[in-house]
Each structure stands twice: as C-alpha cells, then as structure tokens.
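Here is work.csv, consisting of CSV, C-alpha atoms:
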chain,number,residue,atom,x,y,z
A,141,MET,CA,30.3,95.4,6.5
A,142,THR,CA,32.5,92.6,7.9
A,143,VAL,CA,35.1,95.0,9.2
A,144,ALA,CA,34.7,97.5,12.0
A,145,LYS,CA,33.9,100.9,10.6
A,146,LYS,CA,36.7,102.5,12.6
A,147,MET,CA,39.3,100.1,11.3
A,148,GLN,CA,38.0,100.6,7.7
A,149,GLU,CA,38.5,104.3,8.2
A,150,PHE,CA,42.0,103.7,9.6
A,151,ALA,CA,42.8,101.5,6.7
A,152,ASP,CA,41.5,104.0,4.2
A,153,ASN,CA,43.7,106.7,5.8
A,154,SER,CA,46.6,104.5,6.8
A,155,SER,CA,50.2,105.4,7.2
A,156,TRP,CA,51.7,107.3,4.3
A,157,ILE,CA,54.9,105.5,5.2
A,158,ARG,CA,53.4,102.1,4.4
A,159,LYS,CA,51.7,103.5,1.3
A,160,MET,CA,55.0,104.6,-0.1
A,161,PHE,CA,56.7,101.4,0.9
A,162,GLU,CA,54.1,99.5,-1.1
A,163,GLN,CA,54.5,101.8,-4.0
A,164,GLY,CA,58.3,101.2,-3.8
A,165,ALA,CA,57.8,97.5,-4.0
A,166,ARG,CA,55.8,97.9,-7.2
A,167,MET,CA,58.4,100.3,-8.7
A,168,LYS,CA,61.2,97.9,-7.9
A,169,ALA,CA,59.4,95.0,-9.5
A,170,GLU,CA,58.8,97.1,-12.6
A,171,PHE,CA,62.2,99.0,-12.9
A,172,GLY,CA,64.5,96.8,-10.8
A,173,ALA,CA,65.6,97.6,-7.3
A,174,GLU,CA,68.9,99.0,-8.4
A,175,ASN,CA,67.1,101.7,-10.3
A,176,VAL,CA,64.9,102.9,-7.5
A,177,CYS,CA,66.0,105.3,-4.7
A,178,ASP,CA,63.8,104.3,-1.8
A,179,PHE,CA,63.9,106.7,1.2
A,180,SER,CA,60.4,105.8,2.4
A,181,LEU,CA,60.9,103.4,5.3
A,182,GLY,CA,62.9,104.0,8.5
A,183,ASN,CA,64.2,100.4,8.6
A,184,PRO,CA,67.8,100.4,9.9
A,185,ASP,CA,70.2,98.7,7.6
A,186,VAL,CA,73.4,99.1,9.7
A,187,ALA,CA,74.4,95.7,11.1
A,188,PRO,CA,73.9,95.0,14.8
A,189,PRO,CA,77.1,95.2,16.9
A,190,GLU,CA,79.3,92.1,16.6
A,191,LYS,CA,78.8,91.4,20.3
A,192,PHE,CA,75.0,90.8,19.6
A,193,PHE,CA,75.8,87.8,17.5
A,194,GLU,CA,78.3,86.4,20.1
A,195,VAL,CA,75.6,86.8,22.8
A,196,LEU,CA,72.9,85.3,20.6
A,197,THR,CA,75.1,82.3,19.8
A,198,ASP,CA,75.8,81.6,23.4
A,199,LEU,CA,72.1,81.9,24.3
A,200,ALA,CA,71.1,79.6,21.5
A,201,GLU,CA,73.4,76.9,22.8
A,202,CYS,CA,72.2,77.2,26.4
A,203,ASP,CA,69.9,74.4,27.5
A,204,THR,CA,69.2,75.6,31.0
A,205,PRO,CA,65.7,74.6,32.1
A,206,GLY,CA,63.2,77.4,31.9
A,207,MET,CA,65.2,79.4,29.4
A,208,HIS,CA,62.1,80.0,27.3
A,209,ALA,CA,59.4,79.8,29.9
A,210,TYR,CA,57.0,82.5,31.2
A,211,MET,CA,58.6,85.0,33.6
A,212,PRO,CA,57.1,87.9,35.7
A,213,ASN,CA,55.0,90.1,33.4
A,214,GLY,CA,57.4,93.0,33.9
A,215,GLY,CA,60.3,90.9,32.7
A,216,TYR,CA,63.3,89.2,34.2
A,217,HIS,CA,64.5,91.0,37.3
A,218,TYR,CA,68.2,90.8,36.4
A,219,VAL,CA,67.4,92.3,32.9
A,220,ARG,CA,65.5,95.1,34.5
A,221,GLU,CA,68.4,95.7,36.9
A,222,ALA,CA,70.8,96.0,33.9
A,223,VAL,CA,68.5,98.5,32.2
A,224,ALA,CA,67.9,100.5,35.3
A,225,ALA,CA,71.7,100.8,36.0
A,226,ARG,CA,72.3,102.3,32.5
A,227,LEU,CA,69.3,104.6,32.8
A,228,SER,CA,70.5,105.9,36.2
A,229,ASN,CA,73.7,107.0,34.6
A,230,GLU,CA,71.9,108.3,31.5
A,231,GLN,CA,69.1,110.2,33.3
A,232,GLY,CA,71.0,111.4,36.4
A,233,VAL,CA,68.5,109.9,38.9
A,234,GLU,CA,68.7,106.6,40.8
A,235,ILE,CA,66.3,104.3,38.9
A,236,GLY,CA,65.6,100.9,40.4
A,237,MET,CA,64.7,97.6,38.9
A,238,GLY,CA,61.1,98.1,40.1
A,239,ASP,CA,60.9,101.3,38.1
A,240,VAL,CA,61.5,99.5,34.8
A,241,LEU,CA,59.2,97.1,32.8
A,242,MET,CA,60.4,95.1,29.7
A,243,THR,CA,58.0,95.5,26.7
A,244,CYS,CA,57.4,94.4,23.2
A,245,GLY,CA,59.3,97.3,21.6
A,246,ALA,CA,58.6,101.0,22.2
A,247,ALA,CA,55.2,100.6,20.5
A,248,GLY,CA,54.2,98.0,23.0
A,249,ALA,CA,55.4,100.3,25.8
A,250,LEU,CA,53.4,103.2,24.5
A,251,ASN,CA,50.2,101.1,24.4
A,252,VAL,CA,50.9,99.9,28.0
A,253,VAL,CA,51.3,103.5,29.1
A,254,MET,CA,48.1,104.7,27.4
A,255,LYS,CA,46.1,101.7,28.6
A,256,SER,CA,47.3,102.5,32.2
A,257,LEU,CA,46.7,106.3,32.1
A,258,LEU,CA,43.6,107.0,29.9
A,259,ASP,CA,40.0,107.0,30.7
A,260,PRO,CA,37.6,107.6,27.8
A,261,GLY,CA,37.9,111.2,26.5
A,262,ASP,CA,41.2,111.9,28.2
A,263,GLU,CA,43.5,114.0,26.0
A,264,VAL,CA,47.1,113.3,24.9
A,265,ILE,CA,49.0,116.2,23.3
A,266,VAL,CA,51.5,115.3,20.5
A,267,LEU,CA,53.9,117.8,18.9
A,268,SER,CA,53.9,117.9,15.1
A,269,PRO,CA,55.6,116.6,13.1
A,270,PHE,CA,55.0,113.3,14.8
A,271,PHE,CA,55.1,109.5,14.1
A,272,VAL,CA,51.6,108.9,12.8
A,273,GLU,CA,50.9,105.7,14.8
A,274,TYR,CA,50.8,107.8,18.0
A,275,GLN,CA,47.2,108.6,17.0
A,276,PHE,CA,46.3,104.9,16.8
A,277,TYR,CA,47.9,104.1,20.1
A,278,VAL,CA,45.9,106.8,21.9
A,279,ASP,CA,42.7,105.8,20.1
A,280,ASN,CA,43.3,102.1,21.1
A,281,HIS,CA,42.6,103.2,24.7
A,282,GLU,CA,39.7,105.6,24.0
A,283,GLY,CA,41.9,108.7,24.3
A,284,VAL,CA,41.8,111.8,22.2
A,285,VAL,CA,44.9,113.2,20.4
A,286,LYS,CA,45.5,117.0,20.3
A,287,VAL,CA,48.2,118.1,17.9
A,288,VAL,CA,50.3,121.1,18.7
A,289,PRO,CA,52.7,122.4,16.0
A,290,THR,CA,56.4,123.0,16.9
A,291,ASP,CA,58.2,126.2,15.8
A,292,ASP,CA,60.1,126.8,12.6
A,293,THR,CA,63.1,124.8,13.8
A,294,PHE,CA,60.9,122.0,15.1
A,295,GLN,CA,61.4,122.9,18.7
A,296,PRO,CA,58.5,122.9,21.2
A,297,ASP,CA,56.3,126.0,21.0
A,298,LEU,CA,55.5,126.3,24.7
A,299,ALA,CA,53.0,129.1,24.3
A,300,ALA,CA,50.9,127.0,21.8
A,301,LEU,CA,51.3,124.0,24.1
A,302,GLU,CA,50.1,125.9,27.1
A,303,GLY,CA,47.1,127.0,25.2
A,304,ALA,CA,46.2,123.4,24.4
A,305,LEU,CA,46.3,122.2,28.0
A,306,THR,CA,42.9,121.5,29.7
A,307,GLU,CA,41.6,119.6,32.7
A,308,LYS,CA,41.3,116.6,30.4
A,309,THR,CA,45.0,116.6,29.4
A,310,LYS,CA,46.6,113.4,30.7
A,311,ALA,CA,49.9,113.4,29.0
A,312,VAL,CA,52.2,115.1,26.5
A,313,LEU,CA,54.0,112.7,24.2
A,314,ILE,CA,57.3,113.8,22.8
A,315,ASN,CA,59.9,112.1,20.5
A,316,SER,CA,63.5,113.4,20.6
A,317,PRO,CA,65.6,112.8,18.5
A,318,ASN,CA,62.5,113.1,16.4
A,319,ASN,CA,61.0,111.1,13.6
A,320,PRO,CA,60.5,112.6,11.0
A,321,THR,CA,62.7,115.7,11.5
A,322,GLY,CA,65.8,114.4,13.1
A,323,GLN,CA,65.7,117.3,15.6
A,324,MET,CA,66.6,117.0,19.2
A,325,TYR,CA,64.7,119.1,21.8
A,326,SER,CA,67.0,121.3,23.8
A,327,ALA,CA,67.5,120.9,27.6
A,328,GLU,CA,66.2,124.4,28.1
A,329,SER,CA,62.9,123.7,26.2
A,330,LEU,CA,62.4,120.4,28.0
A,331,THR,CA,63.0,121.9,31.4
A,332,ALA,CA,60.5,124.7,30.6
A,333,LEU,CA,58.0,122.0,29.3
A,334,GLY,CA,58.3,120.0,32.5
A,335,ALA,CA,57.7,123.0,34.7
A,336,LEU,CA,54.8,124.1,32.6
A,337,LEU,CA,53.1,120.7,32.9
A,338,ASP,CA,53.7,120.6,36.7
A,339,ARG,CA,52.1,124.1,37.0
A,340,ALA,CA,49.2,123.1,34.8
A,341,GLY,CA,48.6,119.9,36.8
A,342,GLU,CA,48.4,121.9,40.0
A,343,ASN,CA,46.0,124.4,38.5
A,344,PHE,CA,43.7,121.7,37.2
A,345,CYS,CA,44.2,119.5,40.3
A,346,THR,CA,45.4,116.6,38.0
A,347,THR,CA,48.6,115.0,37.0
A,348,ILE,CA,49.9,115.6,33.5
A,349,TYR,CA,52.6,113.1,32.5
A,350,LEU,CA,55.5,113.8,30.2
A,351,VAL,CA,56.0,110.7,28.1
A,352,ALA,CA,59.2,110.6,26.1
A,353,ASP,CA,59.7,108.1,23.2
A,354,GLU,CA,63.4,107.7,22.7
A,355,PRO,CA,64.4,104.9,20.4
A,356,TYR,CA,66.9,107.2,18.6
A,357,ARG,CA,68.7,108.4,21.8
A,358,LYS,CA,72.0,106.8,20.8
A,359,ILE,CA,71.9,107.9,17.2
A,360,VAL,CA,73.1,111.5,17.5
A,361,PHE,CA,75.6,113.6,15.5
A,362,ASP,CA,78.3,116.2,16.1
A,363,GLY,CA,78.9,115.0,19.6
A,364,ALA,CA,75.4,115.9,20.8
A,365,GLU,CA,73.8,114.5,23.9
A,366,VAL,CA,70.1,113.9,24.5
A,367,PRO,CA,69.0,115.7,27.6
A,368,SER,CA,67.5,113.8,30.5
A,369,ILE,CA,63.8,113.6,30.6
A,370,MET,CA,63.8,112.6,34.2
A,371,ALA,CA,65.5,115.9,35.1
A,372,THR,CA,62.4,117.9,33.9
A,373,THR,CA,59.6,116.5,36.1
A,374,THR,CA,58.9,113.7,38.5
A,375,ASN,CA,55.9,112.9,36.3
A,376,ALA,CA,58.2,111.6,33.5
A,377,ILE,CA,57.7,108.3,31.8
A,378,LEU,CA,60.4,107.1,29.4
A,379,VAL,CA,59.8,104.5,26.7
A,380,SER,CA,62.4,103.1,24.3
A,381,SER,CA,63.5,100.1,22.3
A,382,TYR,CA,66.5,98.4,20.8
A,383,SER,CA,65.1,98.7,17.3
A,384,LYS,CA,67.4,101.5,16.2
A,385,ASP,CA,70.4,101.6,18.4
A,386,LEU,CA,71.0,97.9,18.1
A,387,SER,CA,69.3,97.5,14.7
A,388,LEU,CA,66.8,94.9,16.0
A,389,PRO,CA,63.4,96.2,14.9
A,390,GLY,CA,62.1,92.8,14.1
A,391,GLU,CA,62.9,91.4,17.5
A,392,ARG,CA,60.3,93.6,19.3
A,393,ILE,CA,62.2,94.3,22.5
A,394,GLY,CA,61.9,97.5,24.5
A,395,TYR,CA,61.2,98.9,27.9
A,396,LEU,CA,59.5,101.7,29.9
A,397,ALA,CA,60.7,103.4,33.0
A,398,VAL,CA,59.0,105.8,35.4
A,399,HIS,CA,60.6,108.5,37.5
A,400,PRO,CA,61.6,107.0,40.9
A,401,GLU,CA,60.0,109.8,42.8
A,402,MET,CA,56.7,109.9,41.0
A,403,HIS,CA,53.6,110.3,43.1
A,404,GLU,CA,51.6,107.1,43.3
A,405,LYS,CA,54.3,105.3,41.4
A,406,ASP,CA,53.4,101.9,42.6
A,407,LEU,CA,49.8,102.3,41.6
A,408,LEU,CA,50.8,103.2,38.1
A,409,LEU,CA,53.4,100.4,37.8
A,410,ASN,CA,50.9,97.8,39.0
A,411,ALA,CA,48.5,99.0,36.2
A,412,MET,CA,51.3,98.9,33.6
A,413,THR,CA,52.4,95.4,34.6
A,414,LEU,CA,48.8,94.2,34.3
A,415,ALA,CA,48.4,96.1,30.9
A,416,ASN,CA,51.5,94.4,29.7
A,417,ARG,CA,49.7,91.1,30.1
A,418,ILE,CA,46.1,91.8,29.2
A,419,LEU,CA,46.9,93.7,26.0
A,420,GLY,CA,48.1,90.4,24.7
A,421,PHE,CA,51.9,90.9,24.9
A,422,VAL,CA,52.0,88.8,28.1
A,423,ASN,CA,55.7,89.5,28.4
A,424,ALA,CA,58.6,90.8,26.3
A,425,PRO,CA,60.5,88.0,24.3
A,426,ALA,CA,62.5,85.9,26.7
A,427,LEU,CA,65.5,85.3,24.4
A,428,MET,CA,65.9,89.0,23.5
A,429,GLN,CA,65.6,90.1,27.1
A,430,ARG,CA,68.5,87.8,28.0
A,431,ALA,CA,70.4,89.2,25.0
A,432,ILE,CA,70.0,92.9,25.7
A,433,ALA,CA,71.0,92.4,29.4
A,434,GLU,CA,74.5,91.9,28.1
A,435,LEU,CA,74.4,94.7,25.5
A,436,GLN,CA,73.5,97.8,27.5
A,437,GLU,CA,76.7,99.7,26.5
A,438,GLU,CA,76.6,98.5,22.9
A,439,THR,CA,75.2,100.5,20.0
A,440,VAL,CA,75.5,100.6,16.2
A,441,ASP,CA,78.1,102.7,14.6
A,442,SER,CA,76.2,106.0,14.2
A,443,SER,CA,79.1,107.6,12.3
A,444,ILE,CA,77.8,105.6,9.3
A,445,TYR,CA,74.5,107.5,9.5
A,446,GLU,CA,76.4,110.7,10.1
A,447,ARG,CA,78.3,110.2,6.8
A,448,ARG,CA,75.1,109.5,5.0
A,449,ARG,CA,73.6,112.7,6.4
A,450,LYS,CA,76.5,114.7,4.9
A,451,VAL,CA,76.1,113.1,1.5
A,452,PHE,CA,72.3,113.6,1.5
A,453,CYS,CA,72.6,117.2,2.6
A,454,LYS,CA,74.9,117.9,-0.4
A,455,VAL,CA,72.3,116.3,-2.7
A,456,LEU,CA,69.5,118.5,-1.3
A,457,ASP,CA,71.7,121.7,-1.3
A,458,GLU,CA,72.5,121.2,-5.0
A,459,ALA,CA,68.8,120.6,-5.7
A,460,GLY,CA,67.9,123.8,-3.9
A,461,LEU,CA,65.8,122.3,-1.2
A,462,GLU,CA,65.6,123.9,2.3
A,463,TYR,CA,65.9,121.9,5.5
A,464,VAL,CA,66.9,122.1,9.2
A,465,MET,CA,70.1,120.0,9.8
A,466,PRO,CA,69.1,116.9,11.7
A,467,LYS,CA,70.9,116.4,15.0
A,468,GLY,CA,70.1,112.7,15.3
A,469,ALA,CA,68.0,109.7,14.0
A,470,PHE,CA,68.3,109.0,10.3
A,471,TYR,CA,65.8,111.3,8.7
A,472,LEU,CA,65.8,114.6,6.7
A,473,PHE,CA,62.7,116.7,6.5
A,474,PRO,CA,63.1,119.2,3.7
A,475,LYS,CA,60.5,121.8,2.8
A,476,THR,CA,58.9,121.1,-0.6
A,477,PRO,CA,59.3,123.7,-3.4
A,478,ILE,CA,55.5,123.7,-3.8
A,479,ALA,CA,52.8,123.7,-1.2
A,480,ASP,CA,51.4,120.3,-2.2
A,481,ASP,CA,53.8,117.8,-0.7
A,482,VAL,CA,51.9,114.8,-2.2
A,483,GLU,CA,52.2,116.3,-5.7
A,484,PHE,CA,56.0,116.8,-5.2
A,485,CYS,CA,56.3,113.2,-4.1
A,486,LYS,CA,54.6,112.2,-7.4
A,487,LEU,CA,57.2,114.3,-9.3
A,488,LEU,CA,59.9,112.4,-7.3
A,489,GLN,CA,58.4,109.1,-8.2
A,490,GLU,CA,58.7,110.1,-11.9
A,491,GLU,CA,62.4,110.2,-11.1
A,492,LYS,CA,62.2,106.8,-9.3
A,493,ILE,CA,62.7,108.4,-5.9
A,494,LEU,CA,60.4,107.5,-3.0
A,495,ALA,CA,59.8,110.0,-0.2
A,496,VAL,CA,57.0,110.3,2.4
A,497,PRO,CA,54.7,113.4,2.3
A,498,GLY,CA,54.9,115.6,5.4
A,499,GLN,CA,51.2,115.5,5.8
A,500,GLY,CA,51.6,111.9,6.9
A,501,PHE,CA,53.4,113.3,10.0
A,502,GLY,CA,50.9,116.2,10.6
A,503,THR,CA,53.0,118.8,8.7
A,504,PRO,CA,52.1,119.4,5.1
A,505,GLY,CA,54.6,121.1,2.8
A,506,TYR,CA,57.5,118.8,3.7
A,507,ILE,CA,58.8,115.4,2.8
A,508,ARG,CA,60.5,112.8,5.0
A,509,LEU,CA,63.7,111.1,3.6
A,510,ALA,CA,65.1,108.1,5.5
A,511,PHE,CA,68.8,107.8,5.0
A,512,CYS,CA,69.1,104.3,6.4
A,513,VAL,CA,70.2,103.2,2.9
A,514,ASP,CA,73.6,102.8,1.1
A,515,GLU,CA,75.4,106.0,0.3
A,516,LYS,CA,75.4,104.9,-3.4
A,517,VAL,CA,71.6,105.1,-3.4
A,518,ILE,CA,71.7,108.6,-2.0
A,519,ALA,CA,74.3,109.8,-4.5
A,520,ARG,CA,72.4,108.2,-7.3
A,521,SER,CA,69.3,110.3,-6.5
A,522,ALA,CA,71.0,113.7,-7.0
A,523,ASP,CA,70.0,114.3,-10.6
A,524,GLY,CA,66.5,113.1,-9.9
A,525,PHE,CA,66.0,115.6,-7.1
A,526,LYS,CA,67.2,118.4,-9.3
A,527,ARG,CA,64.9,117.5,-12.1
A,528,ALA,CA,61.9,117.1,-9.8
A,529,VAL,CA,62.5,120.6,-8.3
A,530,VAL,CA,62.8,122.1,-11.8
A,531,LYS,CA,59.5,120.4,-12.8
A,532,ALA,CA,57.8,121.7,-9.6
A,533,THR,CA,58.8,125.3,-10.1
A,534,GLU,CA,58.3,125.6,-13.9

Will you turn the file into structure tokens for me?
Amino acid sequence: MTVAKKMQEFADNSSWIRKMFEQGARMKAEFGAENVCDFSLGNPDVAPPEKFFEVLTDLAECDTPGMHAYMPNGGYHYVREAVAARLSNEQGVEIGMGDVLMTCGAAGALNVVMKSLLDPGDEVIVLSPFFVEYQFYVDNHEGVVKVVPTDDTFQPDLAALEGALTEKTKAVLINSPNNPTGQMYSAESLTALGALLDRAGENFCTTIYLVADEPYRKIVFDGAEVPSIMATTTNAILVSSYSKDLSLPGERIGYLAVHPEMHEKDLLLNAMTLANRILGFVNAPALMQRAIAELQEETVDSSIYERRRKVFCKVLDEAGLEYVMPKGAFYLFPKTPIADDVEFCKLLQEEKILAVPGQGFGTPGYIRLAFCVDEKVIARSADGFKRAVVKATE
C-alpha cells in the first residue's frame, strides 16, 4: 500500500461533514443548486465587516519594506499587543503580549497546543457532541482522545467527566458556543469544571489544562455573553480564530493565549512558539496579522444569524422535530425521529435536503443543520422536512 495505514483508515472514516458536502455537490450538479437545501457545511456566508475591506485596501497599497517578510514565530509584537488588550477586557485578567501567539487559524493553534503538551499516550478529554477533527489533532501528536457525553441539554456532565480523569489526563478540550449544538456552557458549569481539574491535578500530582476553542464567541443570541475561561483556572489555554466572527475562514488567521498566572508559563510558551514553526506553519499570515490588528472590535452582524435561527426553528417546529434552542454559533442539532440518524439523512436527501448525521460528532440520533445560508433556502426546506419526518415514522 502506498498510503500510510492510519491515513487510509482516517480517509475511510473521514468527516461526515465533508461527505455530505461532496454529496451536495453531486446533487446540485444533478438537480440545480437552486433546488437543493444544503445545511451541511459551517461555511459563514455573511460578508466581513466593511472596515475589513478598507483595511485590506490600505495594506495592499502599502509598499513599506519588510511588509511580507518573516517575523518572530509568535507573530508581530504590535498585533499580539492588540489581541492581548481585547482579551484582557473580555477575560477579566491582565493578559500581556507575551501571553499570546498568532497562529494559522484555531486549527493551527490546537495543533500547536497538542504538540506542546502531549507525550505519547497522554489523554485529552473532549465533550460530545464535538467537532470531529479534534480526534485527528490529538492523534497527530500521539495523544489519546477520551469522549465524555454532555447532559440532555448539552451542558458538561461533571460527574461523568470526573470519572474519566486519570493520571494520564493532560487536557480537557471544550468548545463553547458549541459546534454542532450551538449551546453555550454556563459560567457555573465552567467554574465547577475548572475547580474539578485543579483538584484532580493535585491528586494526580500533574497539571490538567482546560483548553477552550472559541471561534464562535462573538456570534451569540438573545444578549448572551460567553463566560471567561480564564476566570475558571490558571491552567486555562484559549484558542480562537477570525474565521467566524469576521467571516474569514479561508485566510487562516487565529491565535492562542495562556493564563498570565499559569505555572511554568514561559516553558509552555517557548514550546508553543517552537511548535508554531516546526509543525510547518512557520508563522501566521503576515497580511492578515496586520489586518486583524485594526479589527479587534469588529464583528459580523450576528443578528442575521439570529433571524435565520428563528426561521429555522419554525420549520423544525412545524415538522415536529425536537431540539434545544441554540444560544450561539450557527447550528441547530435536532433529535431525529428514528434512532438511525444516517437513515434519516437519506430520507432528507430524497427531499433534496442535506444534513450531517449526529454520529459524525460523537452523538448518534441527531442531525446537524448549519444555518449559514440564505433565509429563502431555509424556508424552502419546510415541506421537505415534514415529508421526511412522515416517511421516518410511517
């Protein structure tokens, strides 16, 4: 075999999101894109803020020497200062420039974190439902993923999580607002989680890091505010990107930040800075670093997603599907009317509707619906959902 066995296994069991995206491409070619309701991919369609284009134009016209040269592996100092200033206000702790590294998106940041933390066999706990590629990021660095389910409302189940902790646990990776559920973990549950990890670390004579993946932090509804992860434990690591809140997923620009009072912080930051280079990223894109330095207070208009949520919930209500109202991001995660979520997705495809099975996120019996599409597409799907539910329950 010319391909590594592990990669062949990964390819054979690759992301359901991509599988459905590819199926969508085939259906659109056959039936016409205007006749397919594609809710498979979380690709933000809301335009970036107008200021982004103004900043980008100015940068494109700038011919200052060194504009596109190598920089420190952690990123430009002034960019990290801008990010740190915003994070200090957001997190309620004084984060300095040296506590922040610029990365190639949140995915790059997570790989940097895992490369820096994990020895072979170390365990990382993820809470299901979860973004499937977390498993690959941990495996990239010889770690082992342990999946712990959340409760019926997709909040952390602390008793189950405590039972999963061992002396090999190196980190707990959370995502709030969550992909695929749109749920936001409460301040109370995060505070309890941080305290639990600190106690467990003392008992095992180790450090258990709480890693928060927060690319949807600014896309929240009903006036909600995402709690500070830095308030929960000094062993907190925050990773994020501008893929969702500025609608720049293709530009691959993100960052990571560590708690300023973390024990052996400098040792970890040195490892992360080296990882940023030797993993092949070298440094985050120069042009995008310069751009986001001027866009720290900008965000897309999340009210657009909030309106779509309302339209979609009406569609699901009329079809008789159960769901927990999302508090952020741009996903709904309804329960399927039959146990086999893959089979229900097939019934939806008969109605030219594309959804992702919940088993692709570690939680069978649900489907993920991304509402980063035009409201007309959502409204057009209403009758198809009704028919699919009827077929499933006949």

### Query
So how far away is CA of Lys450 (chain A) from CA of Ile518 (chain A), in Å?
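Taking CA of Ile518 (chain A) as the start and CA of Lys450 (chain A) as the end point, the length is 10.4 Å.
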
#### Entry: Contact residues around region 362-376 of chain A with all atoms listed in the file at 8 Å, ignoring same-chain residues under 2 positions, as a PyMOL selection string
chain A and resi 230-233+316-317+324-327+330-335+338+347-352+357+360+378+398-403+467

### Contact residues around Val195 (chain A) with all atoms listed in the file at 10 Å, ignoring same-chain residues under 3 positions, as number ranges by chain
A: 190-192, 198-200, 428, 430-435

#### Entry: Contact residues around Glu490 (chain A) with all atoms listed in the file at 10 Å, ignoring same-chain residues under 6 positions, as an MDAnalysis selection string
chainID A and resid 484 524 527:528

### Task
Between A:Arg520, A:Lys475, A:Lys310, A:Lys526, single out the one closest to Leu487 (chain A), counting all atoms listed in the file.
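Between A:Arg520, A:Lys475, A:Lys310, A:Lys526, the residue approaching Leu487 (chain A) most closely is A:Lys526.
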
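Computed from the coordinates, the CA of Val482 (chain A) to CA of Ala151 (chain A) distance equals 18.4 Å.
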
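Across the structure, CA of Pro188 (chain A) and CA of Val440 (chain A) are spaced 6.0 Å apart.
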
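The shortest atom-to-atom distance to Ser443 (chain A), with only C-alpha atoms taken into account, belongs to A:Lys358 out of A:His208, A:Lys358, A:Lys486, A:Lys145.
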
### Query
So which one's closest to Tyr274 (chain A), A:Ala300, A:Val451, A:Met167, A:Ala249? Using only C-alpha atoms, please.
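Checking each candidate against Tyr274 (chain A), we get A:Ala249 as the closest.
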
### Message
Restricting the calculation to all atoms listed in the file: of A:Glu263, A:Glu491, A:Asp353, A:Glu273, which residue gets closest to Thr306 (chain A)?
### Response
A:Glu263

### Task
Kindly provide, as a list in words, the polymer residues lying within 10 Å of (62.5, 98.4, 20.6), counting only C-alpha atoms and using the coordinates exactly as they appear in the file.
Met242, Thr243, Cys244, Gly245, Ala246, Ala247, Gly248, Ala249, Glu354, Pro355, Val379, Ser380, Ser381, Tyr382, Ser383, Lys384, Asp385, Leu386, Ser387, Leu388, Pro389, Gly390, Glu391, Arg392, Ile393, Gly394 and Tyr395 of chain A

Generate the output file for the selected residues, C-alpha atoms, as a PDB file, in the frame of the given file.
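Written out: selection-v9.pdb:
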ATOM      1  CA  MET A 242      60.400  95.100  29.700  1.00  0.00           C
ATOM      2  CA  THR A 243      58.000  95.500  26.700  1.00  0.00           C
ATOM      3  CA  CYS A 244      57.400  94.400  23.200  1.00  0.00           C
ATOM      4  CA  GLY A 245      59.300  97.300  21.600  1.00  0.00           C
ATOM      5  CA  ALA A 246      58.600 101.000  22.200  1.00  0.00           C
ATOM      6  CA  ALA A 247      55.200 100.600  20.500  1.00  0.00           C
ATOM      7  CA  GLY A 248      54.200  98.000  23.000  1.00  0.00           C
ATOM      8  CA  ALA A 249      55.400 100.300  25.800  1.00  0.00           C
ATOM      9  CA  GLU A 354      63.400 107.700  22.700  1.00  0.00           C
ATOM     10  CA  PRO A 355      64.400 104.900  20.400  1.00  0.00           C
ATOM     11  CA  VAL A 379      59.800 104.500  26.700  1.00  0.00           C
ATOM     12  CA  SER A 380      62.400 103.100  24.300  1.00  0.00           C
ATOM     13  CA  SER A 381      63.500 100.100  22.300  1.00  0.00           C
ATOM     14  CA  TYR A 382      66.500  98.400  20.800  1.00  0.00           C
ATOM     15  CA  SER A 383      65.100  98.700  17.300  1.00  0.00           C
ATOM     16  CA  LYS A 384      67.400 101.500  16.200  1.00  0.00           C
ATOM     17  CA  ASP A 385      70.400 101.600  18.400  1.00  0.00           C
ATOM     18  CA  LEU A 386      71.000  97.900  18.100  1.00  0.00           C
ATOM     19  CA  SER A 387      69.300  97.500  14.700  1.00  0.00           C
ATOM     20  CA  LEU A 388      66.800  94.900  16.000  1.00  0.00           C
ATOM     21  CA  PRO A 389      63.400  96.200  14.900  1.00  0.00           C
ATOM     22  CA  GLY A 390      62.100  92.800  14.100  1.00  0.00           C
ATOM     23  CA  GLU A 391      62.900  91.400  17.500  1.00  0.00           C
ATOM     24  CA  ARG A 392      60.300  93.600  19.300  1.00  0.00           C
ATOM     25  CA  ILE A 393      62.200  94.300  22.500  1.00  0.00           C
ATOM     26  CA  GLY A 394      61.900  97.500  24.500  1.00  0.00           C
ATOM     27  CA  TYR A 395      61.200  98.900  27.900  1.00  0.00           C
TER      28      TYR A 395
END

### Pick from A:Phe525, A:Tyr463, A:Tyr471, A:Tyr506, whichever lies nearest to Thr293 (chain A) using only C-alpha atoms
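Closest to Thr293 (chain A) of all the choices is A:Tyr463.
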
## Note on the structure
Of A:Val219, A:Leu488, A:Ile418, A:Leu509, the one sitting nearest Arg449 (chain A) when using all atoms listed in the file is A:Leu509

Keeping just C-alpha atoms, export region 225-254 of chain A of this structure as an mmCIF file, in the first residue's frame.
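Just written: selection00.cif:
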data_model
loop_
_atom_site.group_PDB
_atom_site.id
_atom_site.type_symbol
_atom_site.label_atom_id
_atom_site.label_comp_id
_atom_site.auth_asym_id
_atom_site.auth_seq_id
_atom_site.Cartn_x
_atom_site.Cartn_y
_atom_site.Cartn_z
ATOM 1 C CA ALA A 225 -5.674 44.195 25.103
ATOM 2 C CA ARG A 226 -9.030 42.925 23.850
ATOM 3 C CA LEU A 227 -8.647 39.593 25.633
ATOM 4 C CA SER A 228 -7.845 41.370 28.907
ATOM 5 C CA ASN A 229 -11.208 43.136 28.779
ATOM 6 C CA GLU A 230 -13.003 40.030 27.594
ATOM 7 C CA GLN A 231 -11.476 37.589 30.095
ATOM 8 C CA GLY A 232 -11.192 39.847 33.125
ATOM 9 C CA VAL A 233 -7.469 39.196 33.662
ATOM 10 C CA GLU A 234 -4.440 41.211 32.556
ATOM 11 C CA ILE A 235 -3.113 39.360 29.522
ATOM 12 C CA GLY A 236 0.167 40.585 28.096
ATOM 13 C CA MET A 237 1.613 40.484 24.605
ATOM 14 C CA GLY A 238 3.890 37.623 25.659
ATOM 15 C CA ASP A 239 0.885 35.503 26.644
ATOM 16 C CA VAL A 240 -0.421 35.489 23.053
ATOM 17 C CA LEU A 241 0.798 33.739 19.897
ATOM 18 C CA MET A 242 -0.602 34.319 16.415
ATOM 19 C CA THR A 243 -1.468 31.100 14.562
ATOM 20 C CA CYS A 244 -2.803 29.706 11.304
ATOM 21 C CA GLY A 245 -6.402 29.636 12.467
ATOM 22 C CA ALA A 246 -7.810 27.871 15.512
ATOM 23 C CA ALA A 247 -6.913 24.509 13.945
ATOM 24 C CA GLY A 248 -3.277 25.559 13.786
ATOM 25 C CA ALA A 249 -3.486 26.792 17.371
ATOM 26 C CA LEU A 250 -4.915 23.491 18.612
ATOM 27 C CA ASN A 251 -2.158 21.530 16.893
ATOM 28 C CA VAL A 252 0.430 23.826 18.468
ATOM 29 C CA VAL A 253 -1.154 23.246 21.878
ATOM 30 C CA MET A 254 -1.257 19.479 21.476
#
